[in-house]
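Student: Structure supplied as query.cif; contents: mmCIF, C-alpha atoms.
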```
data_target
loop_
_atom_site.label_atom_id
_atom_site.label_comp_id
_atom_site.auth_asym_id
_atom_site.auth_seq_id
_atom_site.Cartn_x
_atom_site.Cartn_y
_atom_site.Cartn_z
CA MET D 1 7.78 10.72 47.37
CA GLY D 2 11.05 11.03 45.51
CA LYS D 3 12.01 13.81 43.18
CA THR D 4 10.88 13.36 39.56
CA ASP D 5 12.57 14.48 36.35
CA PHE D 6 9.42 16.26 35.12
CA ASN D 7 10.22 19.44 33.15
CA LEU D 8 7.19 21.74 32.88
CA ASP D 9 8.60 24.04 30.21
CA GLN D 10 9.56 21.11 28.00
CA ALA D 11 6.20 19.37 28.52
CA ILE D 12 4.24 22.51 27.58
CA ALA D 13 6.52 23.19 24.61
CA ASN D 14 6.00 19.64 23.33
CA HIS D 15 2.22 19.89 23.66
CA ILE D 16 2.09 23.28 21.92
CA LEU D 17 4.29 21.89 19.13
CA LEU D 18 1.85 18.99 18.72
CA ILE D 19 -1.02 21.45 18.28
CA GLN D 20 1.07 23.58 15.94
CA GLN D 21 1.90 20.61 13.72
CA LYS D 22 -1.81 19.92 13.32
CA GLY D 23 -2.01 23.32 11.63
CA ASN D 24 -4.79 25.96 11.56
CA THR D 25 -3.31 28.03 14.42
CA THR D 26 -1.55 31.38 14.37
CA ASP D 27 1.34 32.49 16.60
CA SER D 28 -1.05 34.48 18.81
CA ASP D 29 -3.30 31.40 19.17
CA LEU D 30 -0.35 29.29 20.30
CA ALA D 31 0.80 31.97 22.75
CA GLU D 32 -2.71 32.10 24.23
CA LEU D 33 -2.90 28.32 24.61
CA LYS D 34 0.54 28.29 26.23
CA ALA D 35 -0.56 30.95 28.74
CA HIS D 36 -3.70 28.93 29.56
CA LEU D 37 -1.58 25.87 30.29
CA TYR D 38 0.74 27.78 32.64
CA ASP D 39 -2.19 29.44 34.47
CA ALA D 40 -4.06 26.15 34.89
CA PHE D 41 -0.87 24.43 36.04
CA GLU D 42 -0.20 27.02 38.77
CA GLU D 43 -3.81 26.80 40.00
CA LEU D 44 -3.77 23.00 40.17
CA LYS D 45 -0.36 22.90 41.82
CA SER D 46 -1.55 25.31 44.52
CA ASN D 47 -4.40 22.88 45.21
CA GLY D 48 -1.94 20.14 46.19
CA LEU D 49 -1.24 18.26 42.95
CA ASN D 50 2.32 17.37 42.11
CA PRO D 51 3.82 19.02 38.97
CA GLU D 52 3.26 16.08 36.63
CA GLU D 53 -0.34 15.55 37.76
CA ALA D 54 -1.04 19.27 37.53
CA PHE D 55 0.22 19.39 33.94
CA MET D 56 -1.81 16.35 32.88
CA VAL D 57 -5.04 17.83 34.29
CA ALA D 58 -4.25 21.24 32.74
CA ARG D 59 -3.65 19.61 29.37
CA HIS D 60 -6.95 17.73 29.69
CA ARG D 61 -8.82 20.94 30.51
CA LEU D 62 -7.32 22.64 27.46
CA GLY D 63 -9.10 20.14 25.23
CA ASP D 64 -8.41 17.48 22.63
CA THR D 65 -5.88 18.61 20.00
CA GLU D 66 -8.06 17.49 17.09
CA ILE D 67 -11.06 19.43 18.37
CA LEU D 68 -8.91 22.50 19.04
CA THR D 69 -7.40 22.56 15.55
CA ASN D 70 -10.82 22.04 13.95
CA GLU D 71 -12.22 25.00 15.90
CA TYR D 72 -9.26 27.19 14.99
CA SER D 73 -9.68 26.27 11.32
CA LYS D 74 -13.13 27.88 11.45
CA VAL D 75 -11.80 31.18 12.78
CA ASN D 76 -8.55 31.13 10.77
CA PRO D 77 -9.59 30.42 7.14
CA SER D 78 -6.51 32.28 5.89
CA VAL D 79 -4.28 29.64 7.49
CA GLN D 80 -6.02 26.91 5.49
CA THR D 81 -5.71 28.99 2.32
CA ASN D 82 -2.01 29.56 2.90
CA LYS D 83 -1.49 25.83 3.42
CA LEU D 84 -3.38 24.96 0.24
CA TRP D 85 -1.24 27.34 -1.81
CA ALA D 86 1.86 25.99 -0.08
CA TYR D 87 1.02 22.43 -1.12
CA LEU D 88 0.32 23.52 -4.70
CA PHE D 89 3.59 25.42 -4.86
CA LEU D 90 5.53 22.52 -3.37
CA GLY D 91 4.06 20.23 -6.01
CA VAL D 92 5.16 22.54 -8.80
CA ALA D 93 8.57 23.03 -7.18
CA LEU D 94 9.12 19.26 -6.87
CA LEU D 95 8.33 18.72 -10.53
CA ALA D 96 10.46 21.66 -11.68
CA VAL D 97 13.48 20.77 -9.54
CA GLY D 98 13.24 17.08 -10.48
CA TRP D 99 13.01 17.90 -14.18
CA THR D 100 15.98 20.30 -14.03
CA PHE D 101 18.03 17.74 -12.12
CA LEU D 102 17.37 15.15 -14.82
CA ARG D 103 18.14 17.67 -17.56
CA LEU D 104 21.55 18.42 -16.09
CA LEU D 105 22.39 14.88 -15.03
CA GLY D 106 20.99 13.19 -18.12
CA GLY D 107 22.25 15.74 -20.63
CA GLY D 108 25.75 15.67 -19.16
CA PHE D 109 25.84 11.87 -19.12
CA TYR D 110 24.58 11.48 -22.70
CA LEU D 111 27.05 14.06 -23.98
CA LEU D 112 29.96 12.39 -22.19
CA VAL D 113 29.06 8.92 -23.47
CA PHE D 114 28.50 10.12 -27.03
CA LYS D 115 31.80 11.98 -27.17
CA ASN D 116 33.75 8.97 -25.94
CA TYR D 117 31.87 5.98 -27.43
CA HIS D 118 29.69 7.49 -30.18
CA THR D 119 26.97 5.02 -31.27
CA SER D 120 28.72 1.79 -30.32
CA ALA D 121 27.15 -1.11 -28.44
CA VAL D 122 29.06 0.03 -25.34
CA SER D 123 27.37 3.43 -25.41
CA SER D 124 23.92 1.80 -25.77
CA VAL D 125 24.52 -0.50 -22.80
CA MET D 126 25.78 2.39 -20.66
CA VAL D 127 22.74 4.56 -21.44
CA VAL D 128 20.24 1.74 -20.83
CA LEU D 129 21.89 0.96 -17.48
CA PHE D 130 21.81 4.67 -16.62
CA HIS D 131 18.06 4.77 -17.31
CA ILE D 132 17.49 1.63 -15.23
CA ALA D 133 19.46 3.14 -12.33
CA LEU D 134 17.30 6.28 -12.42
CA ILE D 135 14.11 4.18 -12.51
CA VAL D 136 15.30 2.24 -9.45
CA LEU D 137 16.04 5.55 -7.70
CA ILE D 138 12.56 6.84 -8.52
CA PHE D 139 10.89 3.73 -7.10
CA TYR D 140 13.08 3.95 -4.00
CA LEU D 141 11.86 7.53 -3.45
CA VAL D 142 8.27 6.38 -3.98
CA LYS D 143 8.84 3.67 -1.38
CA LYS D 144 10.02 6.38 1.01
CA LYS D 145 7.22 8.77 0.03
CA HIS D 146 5.57 8.59 3.45
CA ASN D 147 8.75 9.89 5.07
CA ILE D 148 8.96 12.64 2.45
CA SER D 149 5.28 13.50 2.94
CA ARG D 150 5.61 13.65 6.71
CA PHE D 151 8.57 16.01 6.43
CA LEU D 152 6.78 18.33 3.96
CA GLU D 153 3.56 18.28 5.98
CA ARG D 154 5.39 19.24 9.17
CA GLN D 155 7.01 22.19 7.42
CA VAL D 156 3.74 23.40 5.88
CA ASP D 157 1.76 22.97 9.10
CA ILE D 158 4.33 24.86 11.17
CA ASN D 159 4.86 27.77 8.77
CA PRO D 160 3.42 27.56 5.23
CA ILE D 161 4.73 30.96 4.10
CA LYS D 162 8.28 30.18 5.24
CA THR D 163 8.10 26.81 3.50
CA VAL D 164 7.10 28.47 0.21
CA LEU D 165 9.93 30.99 0.50
CA LEU D 166 12.47 28.24 1.16
CA ALA D 167 11.10 26.13 -1.72
CA PHE D 168 11.49 29.14 -4.02
CA ILE D 169 15.30 28.93 -3.71
CA PRO D 170 15.76 25.59 -5.55
CA LEU D 171 12.93 26.59 -7.91
CA ALA D 172 14.80 29.79 -8.84
CA MET D 173 17.98 27.76 -9.34
CA THR D 174 16.17 25.65 -11.94
CA ILE D 175 15.68 28.84 -13.96
CA PHE D 176 19.11 30.43 -13.69
CA ILE D 177 21.56 27.50 -13.47
CA PRO D 178 20.83 25.94 -16.90
CA ARG D 179 21.36 29.35 -18.52
CA GLN D 180 24.87 29.53 -17.10
CA LEU D 181 25.84 26.09 -18.40
CA ASN D 182 26.80 24.89 -21.84
CA PHE D 183 23.59 24.58 -23.87
CA GLN D 184 25.15 21.66 -25.68
CA MET D 185 24.70 19.66 -22.49
CA ILE D 186 21.00 20.56 -22.27
CA ASP D 187 20.43 19.73 -25.94
CA ALA D 188 22.05 16.34 -25.33
CA LEU D 189 18.78 15.21 -23.71
CA ARG D 190 17.62 14.37 -27.23
CA TYR D 191 20.59 12.10 -27.90
CA PRO D 192 18.86 8.81 -26.85
CA ILE D 193 16.34 9.34 -29.67
CA TYR D 194 18.30 11.18 -32.37
CA LYS D 195 21.94 10.18 -31.82
CA PHE D 196 22.32 6.70 -30.34
CA ASP D 197 19.80 5.16 -32.78
CA ASN D 198 19.06 2.12 -30.64
CA ASP D 199 15.57 0.75 -29.92
CA TYR D 200 16.44 -0.34 -26.37
CA VAL D 201 17.93 3.04 -25.50
CA GLU D 202 14.80 4.81 -26.75
CA PHE D 203 12.40 2.44 -24.98
CA SER D 204 14.27 2.70 -21.68
CA LEU D 205 14.03 6.51 -22.02
CA TYR D 206 10.24 6.31 -22.44
CA LEU D 207 10.02 3.95 -19.47
CA LEU D 208 12.04 6.44 -17.43
CA GLY D 209 9.67 9.26 -18.40
CA VAL D 210 6.60 7.26 -17.35
CA SER D 211 8.28 6.27 -14.06
CA LEU D 212 9.20 9.87 -13.35
CA GLY D 213 5.66 11.12 -13.94
CA LEU D 214 4.02 8.40 -11.86
CA GLY D 215 6.59 8.77 -9.10
CA ALA D 216 6.06 12.52 -8.85
CA LEU D 217 2.27 12.12 -8.78
CA SER D 218 2.54 9.40 -6.15
CA ILE D 219 4.57 11.62 -3.83
CA ILE D 220 2.42 14.72 -4.42
CA PHE D 221 -0.88 12.89 -3.91
CA SER D 222 0.39 11.29 -0.70
CA LEU D 223 0.53 14.69 1.01
CA LYS D 224 -2.07 14.87 3.80
CA ASN D 225 -2.75 11.16 3.24
CA VAL D 226 0.27 9.68 4.97
CA GLY D 227 -0.20 5.99 5.66
CA HIS D 228 -3.44 5.79 3.66
CA ILE D 229 -2.19 5.63 0.06
CA SER D 230 -1.69 2.24 -1.58
CA LEU D 231 -2.47 0.64 -4.92
CA LYS D 232 -5.46 -1.05 -3.33
CA SER D 233 -6.87 2.15 -1.82
CA LEU D 234 -6.38 4.06 -5.08
CA LEU D 235 -8.05 1.51 -7.33
CA ALA D 236 -10.80 0.32 -4.98
CA LYS D 237 -12.95 3.36 -5.78
CA PRO D 238 -10.86 5.33 -8.29
CA SER D 239 -11.78 8.83 -9.41
CA ILE D 240 -12.25 9.67 -13.08
CA LEU D 241 -9.09 11.80 -12.99
CA LEU D 242 -7.02 8.94 -11.56
CA LEU D 243 -8.33 6.51 -14.18
CA LEU D 244 -7.55 8.96 -16.99
CA ILE D 245 -4.01 9.50 -15.67
CA PHE D 246 -3.53 5.75 -15.24
CA GLY D 247 -4.87 5.14 -18.74
CA PHE D 248 -2.67 7.81 -20.29
CA ALA D 249 0.45 6.40 -18.60
CA THR D 250 -0.50 2.91 -19.81
CA GLU D 251 -0.90 4.20 -23.37
CA LEU D 252 2.48 5.92 -23.24
CA LEU D 253 4.16 2.73 -22.07
CA ALA D 254 2.26 0.46 -24.46
CA SER D 255 2.79 2.65 -27.54
CA SER D 256 6.50 3.07 -26.78
CA THR D 257 6.99 -0.70 -27.23
CA ARG D 258 6.45 -0.23 -30.98
CA ILE D 259 9.94 1.23 -31.34
CA PHE D 260 11.29 -2.33 -31.41
CA ASN D 261 11.48 -2.50 -35.19
CA ASN D 262 13.21 -5.89 -35.10
CA LEU D 263 10.04 -7.54 -33.75
CA GLU D 264 7.31 -8.92 -35.99
CA ILE D 265 3.97 -7.12 -35.99
CA ILE D 266 2.31 -10.01 -34.15
CA SER D 267 4.88 -9.91 -31.33
CA ASN D 268 4.59 -6.13 -31.16
CA GLY D 269 0.83 -6.34 -30.85
CA LEU D 270 1.00 -8.99 -28.15
CA ILE D 271 3.35 -6.87 -26.03
CA PHE D 272 1.11 -3.83 -26.60
CA GLY D 273 -2.02 -5.72 -25.53
CA PHE D 274 -0.29 -7.32 -22.55
CA ILE D 275 0.43 -3.91 -21.00
CA TYR D 276 -3.25 -3.02 -21.22
CA LEU D 277 -4.07 -6.44 -19.80
CA LEU D 278 -1.99 -5.66 -16.71
CA GLY D 279 -3.68 -2.28 -16.20
CA SER D 280 -7.16 -3.78 -16.63
CA PHE D 281 -6.30 -6.64 -14.27
CA LEU D 282 -5.25 -4.26 -11.47
CA ILE D 283 -8.43 -2.18 -11.81
CA SER D 284 -10.66 -5.28 -11.82
CA TYR D 285 -8.80 -7.05 -9.02
CA TYR D 286 -8.98 -4.11 -6.59
CA ASN D 287 -12.44 -2.85 -7.62
CA VAL D 288 -14.67 -2.91 -4.54
CA LYS D 289 -18.15 -2.98 -6.05
CA GLY D 290 -20.04 -1.77 -9.10
CA ASN D 291 -18.97 0.64 -11.86
CA LEU D 292 -16.27 -1.77 -13.10
CA ILE D 293 -17.30 -1.45 -16.76
CA LYS D 294 -17.42 2.34 -16.42
CA ASN D 295 -13.97 2.33 -14.79
CA LEU D 296 -12.49 0.16 -17.54
CA ILE D 297 -13.95 2.37 -20.27
CA THR D 298 -12.57 5.49 -18.58
CA PHE D 299 -9.18 3.80 -18.19
CA SER D 300 -8.93 2.79 -21.85
CA ILE D 301 -10.71 5.69 -23.58
CA ILE D 302 -7.60 7.86 -24.08
CA GLY D 303 -5.63 4.96 -25.53
CA PHE D 304 -8.53 3.97 -27.79
CA VAL D 305 -8.93 7.51 -29.14
CA LEU D 306 -5.19 8.00 -29.68
CA GLU D 307 -4.66 4.60 -31.28
CA THR D 308 -7.60 5.17 -33.62
CA SER D 309 -6.98 8.80 -34.63
CA VAL D 310 -3.18 8.83 -34.71
CA GLY D 311 -3.07 5.28 -36.06
CA ILE D 312 -5.25 6.08 -39.08
CA MET D 313 -3.02 9.02 -40.00
CA ALA D 314 0.05 6.80 -39.61
CA ASP D 315 -1.56 4.14 -41.81
CA ILE D 316 -2.11 6.71 -44.55
CA ASP D 317 1.54 7.80 -44.38
CA ARG D 318 3.03 4.30 -44.47
CA GLY D 319 0.51 2.86 -46.92
CA ILE D 320 -0.34 -0.15 -44.73
CA SER D 321 -3.21 -0.61 -42.26
CA LEU D 322 -2.10 -1.57 -38.74
CA THR D 323 -4.52 0.50 -36.65
CA GLY D 324 -7.17 -2.20 -36.44
CA TYR D 325 -4.61 -4.67 -35.17
CA PHE D 326 -3.40 -2.52 -32.29
CA VAL D 327 -6.90 -1.32 -31.38
CA SER D 328 -8.04 -4.95 -31.28
CA SER D 329 -5.04 -5.79 -29.07
CA LEU D 330 -6.04 -2.97 -26.73
CA VAL D 331 -9.65 -4.11 -26.45
CA LEU D 332 -8.75 -7.78 -26.02
CA GLY D 333 -6.12 -6.88 -23.41
CA VAL D 334 -8.67 -4.91 -21.39
CA ILE D 335 -11.28 -7.70 -21.61
CA ILE D 336 -8.88 -10.52 -20.71
CA GLY D 337 -7.36 -8.48 -17.87
CA ALA D 338 -10.83 -7.76 -16.48
CA LEU D 339 -11.85 -11.42 -16.60
CA LEU D 340 -8.63 -12.50 -14.86
CA GLY D 341 -8.99 -9.78 -12.22
CA ILE D 342 -12.59 -10.77 -11.45
CA LYS D 343 -11.73 -14.46 -11.33
CA MET D 344 -8.70 -14.06 -9.07
CA LYS D 345 -10.20 -11.45 -6.74
CA PRO D 346 -10.78 -12.81 -3.21
CA THR D 347 -14.39 -13.29 -2.16
CA GLU D 348 -15.81 -11.21 0.69
CA MET D 349 -15.35 -14.15 3.08
CA GLU D 350 -11.74 -14.68 1.99
CA GLN D 351 -11.07 -10.94 2.27
CA SER D 352 -12.46 -10.84 5.82
CA VAL D 353 -10.14 -13.73 6.76
CA ILE D 354 -7.17 -11.84 5.25
CA ASN D 355 -8.04 -8.67 7.14
#
```
Translate the structure of the given file into C-alpha cells.
Tutor:
Amino acid sequence: MGKTDFNLDQAIANHILLIQQKGNTTDSDLAELKAHLYDAFEELKSNGLNPEEAFMVARHRLGDTEILTNEYSKVNPSVQTNKLWAYLFLGVALLAVGWTFLRLLGGGFYLLVFKNYHTSAVSSVMVVLFHIALIVLIFYLVKKKHNISRFLERQVDINPIKTVLLAFIPLAMTIFIPRQLNFQMIDALRYPIYKFDNDYVEFSLYLLGVSLGLGALSIIFSLKNVGHISLKSLLAKPSILLLLIFGFATELLASSTRIFNNLEIISNGLIFGFIYLLGSFLISYYNVKGNLIKNLITFSIIGFVLETSVGIMADIDRGISLTGYFVSSLVLGVIIGALLGIKMKPTEMEQSVIN
C-alpha cells in the first residue's frame, strides 16, 4: 500500500474546531476531547489499522458532534449565557455603529450639498439619489445576511467574551468620534426635512429609515437561523411581535406618503391604502392555516390606532376632517389585500407539486 498524505494533527484539529464552532464547550473540554482522540488513535493503530482508518474509528468512538455539544450545554450553562449576552450585545452594537455611520455620512453629505447648491432642484436630485443608493446598499447587505450571520455565529461560538470585547471597540468609537467632529455636520441630518423643503427628498428619507430598521432586524433575527429565514417562513406562522413590527413599519411608510402636498386627497388616500394592501396580501398569501383574521388585526392595529388618535387631533388643528378617509383606506386596503392573497395562494396540491 502506498504512502498517504494523511495528517493526524490536522485531522484532529479540524474535528475539534468543528465541535468548538458548535459552541457549549470550554477550553478544558476541548483539550480533553483532543486527548481522547490521540489516545484512541494510538490504541487502534497498534492493533494494525492504518493512520486514516484509526482516526476515523477514533472519531466515531468519540461520538456525534451534535450529541456532544448538547451534553456539554447541560454541564456548561454559563457558556450558553455568555453566548446569549454576546448576541444581544452584537445586536445593539450593529444598530449603534450603523446609526453613527449614517449620521456621519449623511450629515456630511447634506451639509456639503446645501453649502454648494442650497435648495435648488440639483440639490434635491442629489439627495434623493443618495437615499436610493443607501437603500440599495441596505438591501444588498440583507441579501448577504446569511454570510454575515455565519461569520458572527462562528465568532460567538468560538469565544463569546472575546467577540464582545472586539465589538466594544467600534461601539466606543460611535460615542467618542462624533464629539470630536463639527456638530454642524451632525445637525445637518435634519436638513432633508427643514432645509431642502422638497416632498421627494423628505419621502426618500422616510423610506431610507424604514429600510434601515427592517434591514437591521432582518440581519439580527437571522442569527442562529442561517438558511431558515425567508419571507415565507416568517409570515407562514408569524408571532405577535413580528406582526406588530411589520404593521408599524407599514404605517410609517404609508403615513409618510402624505408629505406629497401636490397630490389630491383622493390620490393620497389611494397610495396610503395600497401600501396596506401589499402588507395584507403578503400575510394572507403566506399564511399556512387558521388565525388569518387575528393576524390581520394584529398587523393593522397600530396603524388603526395611530390614524384614529393622531388623525383626530390633526383634524381639529386644520379645521377639516380627513381621518375617516384614511382610516377607511386602511381598512379597505387590508380587506382587499387579504382577498387577493387568499385567491392567489396555491392550493395544497399545487404547493406539493412546487415543493
Student: Under the rule that only C-alpha atoms are counted, which of D:Asp315, D:Asp197, D:Asp9, D:Asp187 is the nearest residue to D:Gly106?
Tutor: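 Closest to D:Gly106 of all the choices is D:Asp187.
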Student: Find the residues around stretch 294-306 of chain D up to 10 Å (all atoms listed in the file counted), leave out those fewer than 4 positions away in its own chain, and share them as a PyMOL selection string.
Tutor: chain D and resi 235+237-252+254-255+276+279-281+283-284+287+290+310-312+326-328+330-331+334-335+338
Student: May I ask which of the residues D:Trp99, D:Tyr110, D:Tyr285, D:Phe6 is the closest one to D:His131, counting all atoms listed in the file?
Tutor: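 Among the listed residues, D:Tyr110 lies closest to D:His131.
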Student: Given the file above and the PyMOL selection byres ((chain D and resi 207-211) around 12), which residues are selected, and can you give them as a ChimeraX atom specification?
Tutor: /D:98-99,102-103,106,127-142,192,200-206,212-218,245-257
Student: Okay, now the selection with C-alpha atoms, as a PDB file, in the coordinates of the input?
Tutor:
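Saved file out01.pdb follows:
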```
ATOM      1  CA  GLY D  98      13.240  17.080 -10.480  1.00  0.00           C
ATOM      2  CA  TRP D  99      13.010  17.900 -14.180  1.00  0.00           C
ATOM      3  CA  LEU D 102      17.370  15.150 -14.820  1.00  0.00           C
ATOM      4  CA  ARG D 103      18.140  17.670 -17.560  1.00  0.00           C
ATOM      5  CA  GLY D 106      20.990  13.190 -18.120  1.00  0.00           C
ATOM      6  CA  VAL D 127      22.740   4.560 -21.440  1.00  0.00           C
ATOM      7  CA  VAL D 128      20.240   1.740 -20.830  1.00  0.00           C
ATOM      8  CA  LEU D 129      21.890   0.960 -17.480  1.00  0.00           C
ATOM      9  CA  PHE D 130      21.810   4.670 -16.620  1.00  0.00           C
ATOM     10  CA  HIS D 131      18.060   4.770 -17.310  1.00  0.00           C
ATOM     11  CA  ILE D 132      17.490   1.630 -15.230  1.00  0.00           C
ATOM     12  CA  ALA D 133      19.460   3.140 -12.330  1.00  0.00           C
ATOM     13  CA  LEU D 134      17.300   6.280 -12.420  1.00  0.00           C
ATOM     14  CA  ILE D 135      14.110   4.180 -12.510  1.00  0.00           C
ATOM     15  CA  VAL D 136      15.300   2.240  -9.450  1.00  0.00           C
ATOM     16  CA  LEU D 137      16.040   5.550  -7.700  1.00  0.00           C
ATOM     17  CA  ILE D 138      12.560   6.840  -8.520  1.00  0.00           C
ATOM     18  CA  PHE D 139      10.890   3.730  -7.100  1.00  0.00           C
ATOM     19  CA  TYR D 140      13.080   3.950  -4.000  1.00  0.00           C
ATOM     20  CA  LEU D 141      11.860   7.530  -3.450  1.00  0.00           C
ATOM     21  CA  VAL D 142       8.270   6.380  -3.980  1.00  0.00           C
ATOM     22  CA  PRO D 192      18.860   8.810 -26.850  1.00  0.00           C
ATOM     23  CA  TYR D 200      16.440  -0.340 -26.370  1.00  0.00           C
ATOM     24  CA  VAL D 201      17.930   3.040 -25.500  1.00  0.00           C
ATOM     25  CA  GLU D 202      14.800   4.810 -26.750  1.00  0.00           C
ATOM     26  CA  PHE D 203      12.400   2.440 -24.980  1.00  0.00           C
ATOM     27  CA  SER D 204      14.270   2.700 -21.680  1.00  0.00           C
ATOM     28  CA  LEU D 205      14.030   6.510 -22.020  1.00  0.00           C
ATOM     29  CA  TYR D 206      10.240   6.310 -22.440  1.00  0.00           C
ATOM     30  CA  LEU D 212       9.200   9.870 -13.350  1.00  0.00           C
ATOM     31  CA  GLY D 213       5.660  11.120 -13.940  1.00  0.00           C
ATOM     32  CA  LEU D 214       4.020   8.400 -11.860  1.00  0.00           C
ATOM     33  CA  GLY D 215       6.590   8.770  -9.100  1.00  0.00           C
ATOM     34  CA  ALA D 216       6.060  12.520  -8.850  1.00  0.00           C
ATOM     35  CA  LEU D 217       2.270  12.120  -8.780  1.00  0.00           C
ATOM     36  CA  SER D 218       2.540   9.400  -6.150  1.00  0.00           C
ATOM     37  CA  ILE D 245      -4.010   9.500 -15.670  1.00  0.00           C
ATOM     38  CA  PHE D 246      -3.530   5.750 -15.240  1.00  0.00           C
ATOM     39  CA  GLY D 247      -4.870   5.140 -18.740  1.00  0.00           C
ATOM     40  CA  PHE D 248      -2.670   7.810 -20.290  1.00  0.00           C
ATOM     41  CA  ALA D 249       0.450   6.400 -18.600  1.00  0.00           C
ATOM     42  CA  THR D 250      -0.500   2.910 -19.810  1.00  0.00           C
ATOM     43  CA  GLU D 251      -0.900   4.200 -23.370  1.00  0.00           C
ATOM     44  CA  LEU D 252       2.480   5.920 -23.240  1.00  0.00           C
ATOM     45  CA  LEU D 253       4.160   2.730 -22.070  1.00  0.00           C
ATOM     46  CA  ALA D 254       2.260   0.460 -24.460  1.00  0.00           C
ATOM     47  CA  SER D 255       2.790   2.650 -27.540  1.00  0.00           C
ATOM     48  CA  SER D 256       6.500   3.070 -26.780  1.00  0.00           C
ATOM     49  CA  THR D 257       6.990  -0.700 -27.230  1.00  0.00           C
TER      50      THR D 257
END
```
Student: Assuming 5 Å of padding per side, give the centre and edge lengths of the axis-aligned box around every listed atom of stretch 190-203 of chain D, in Å to one decimal and as lines of an AutoDock Vina configuration file.
Tutor:
```
center_x = 17.4
center_y = 7.0
center_z = -28.9
size_x = 19.9
size_y = 24.7
size_z = 17.8
```
Student: Check what the PyMOL selection byres ((chain D and resi 57) around 12) selects in the file above and give those residues as a VMD selection string.
Tutor: chain D and resid 37 to 45 49 to 56 58 to 63
Student: Please evaluate the PyMOL selection byres ((chain D and resi 123) around 10) against the displayed coordinates and give the resulting residues as a ChimeraX atom specification.
Tutor: /D:110,112-122,124-129,196,198,201
Student: Report, in Å with one decimal, the straight-line distance from atom CA of D:Ala11 to atom CA of D:Asn147.
Tutor: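 Separation of atom CA of D:Ala11 and atom CA of D:Asn147: 25.4 Å.
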Student: What separation in Å, quoted to one decimal, exists between atom CA of D:Asn14 and atom CA of D:Lys144?
Tutor: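 Calculated distance between atom CA of D:Asn14 and atom CA of D:Lys144 is 26.3 Å.
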Student: Please return stretch 54-59 of chain D, rebuilt to all heavy atoms, as a JSON list (two decimals), in the frame of the given file.
Tutor:
```json
[["chain", "number", "residue", "atom", "x", "y", "z"],
["D", 54, "ALA", "N", -0.46, 17.96, 37.84],
["D", 54, "ALA", "CA", -1.04, 19.27, 37.53],
["D", 54, "ALA", "C", -1.00, 19.54, 36.02],
["D", 54, "ALA", "O", -1.96, 20.05, 35.43],
["D", 54, "ALA", "CB", -0.29, 20.36, 38.28],
["D", 55, "PHE", "N", 0.11, 19.17, 35.39],
["D", 55, "PHE", "CA", 0.22, 19.39, 33.94],
["D", 55, "PHE", "C", -0.77, 18.51, 33.18],
["D", 55, "PHE", "O", -1.42, 18.97, 32.22],
["D", 55, "PHE", "CB", 1.64, 19.09, 33.46],
["D", 55, "PHE", "CG", 1.75, 19.03, 31.97],
["D", 55, "PHE", "CD1", 1.70, 20.19, 31.20],
["D", 55, "PHE", "CD2", 1.88, 17.80, 31.31],
["D", 55, "PHE", "CE1", 1.79, 20.13, 29.82],
["D", 55, "PHE", "CE2", 1.97, 17.74, 29.93],
["D", 55, "PHE", "CZ", 1.91, 18.91, 29.19],
["D", 56, "MET", "N", -0.91, 17.26, 33.58],
["D", 56, "MET", "CA", -1.81, 16.35, 32.88],
["D", 56, "MET", "C", -3.25, 16.83, 32.96],
["D", 56, "MET", "O", -3.99, 16.80, 31.96],
["D", 56, "MET", "CB", -1.69, 14.94, 33.47],
["D", 56, "MET", "CG", -0.34, 14.27, 33.20],
["D", 56, "MET", "SD", -0.18, 12.64, 33.98],
["D", 56, "MET", "CE", -1.46, 11.73, 33.09],
["D", 57, "VAL", "N", -3.67, 17.31, 34.13],
["D", 57, "VAL", "CA", -5.04, 17.83, 34.29],
["D", 57, "VAL", "C", -5.20, 19.11, 33.48],
["D", 57, "VAL", "O", -6.23, 19.33, 32.81],
["D", 57, "VAL", "CB", -5.36, 18.07, 35.77],
["D", 57, "VAL", "CG1", -6.74, 18.71, 35.92],
["D", 57, "VAL", "CG2", -5.31, 16.75, 36.55],
["D", 58, "ALA", "N", -4.19, 19.98, 33.50],
["D", 58, "ALA", "CA", -4.25, 21.24, 32.74],
["D", 58, "ALA", "C", -4.35, 20.96, 31.24],
["D", 58, "ALA", "O", -5.11, 21.63, 30.52],
["D", 58, "ALA", "CB", -3.02, 22.09, 33.04],
["D", 59, "ARG", "N", -3.60, 19.99, 30.80],
["D", 59, "ARG", "CA", -3.65, 19.61, 29.37],
["D", 59, "ARG", "C", -5.03, 19.06, 29.00],
["D", 59, "ARG", "O", -5.57, 19.37, 27.94],
["D", 59, "ARG", "CB", -2.58, 18.57, 29.09],
["D", 59, "ARG", "CG", -2.46, 18.17, 27.63],
["D", 59, "ARG", "CD", -1.38, 17.13, 27.44],
["D", 59, "ARG", "NE", -1.69, 15.91, 28.18],
["D", 59, "ARG", "CZ", -0.88, 14.86, 28.25],
["D", 59, "ARG", "NH1", 0.32, 14.90, 27.65],
["D", 59, "ARG", "NH2", -1.21, 13.78, 28.92]]
```
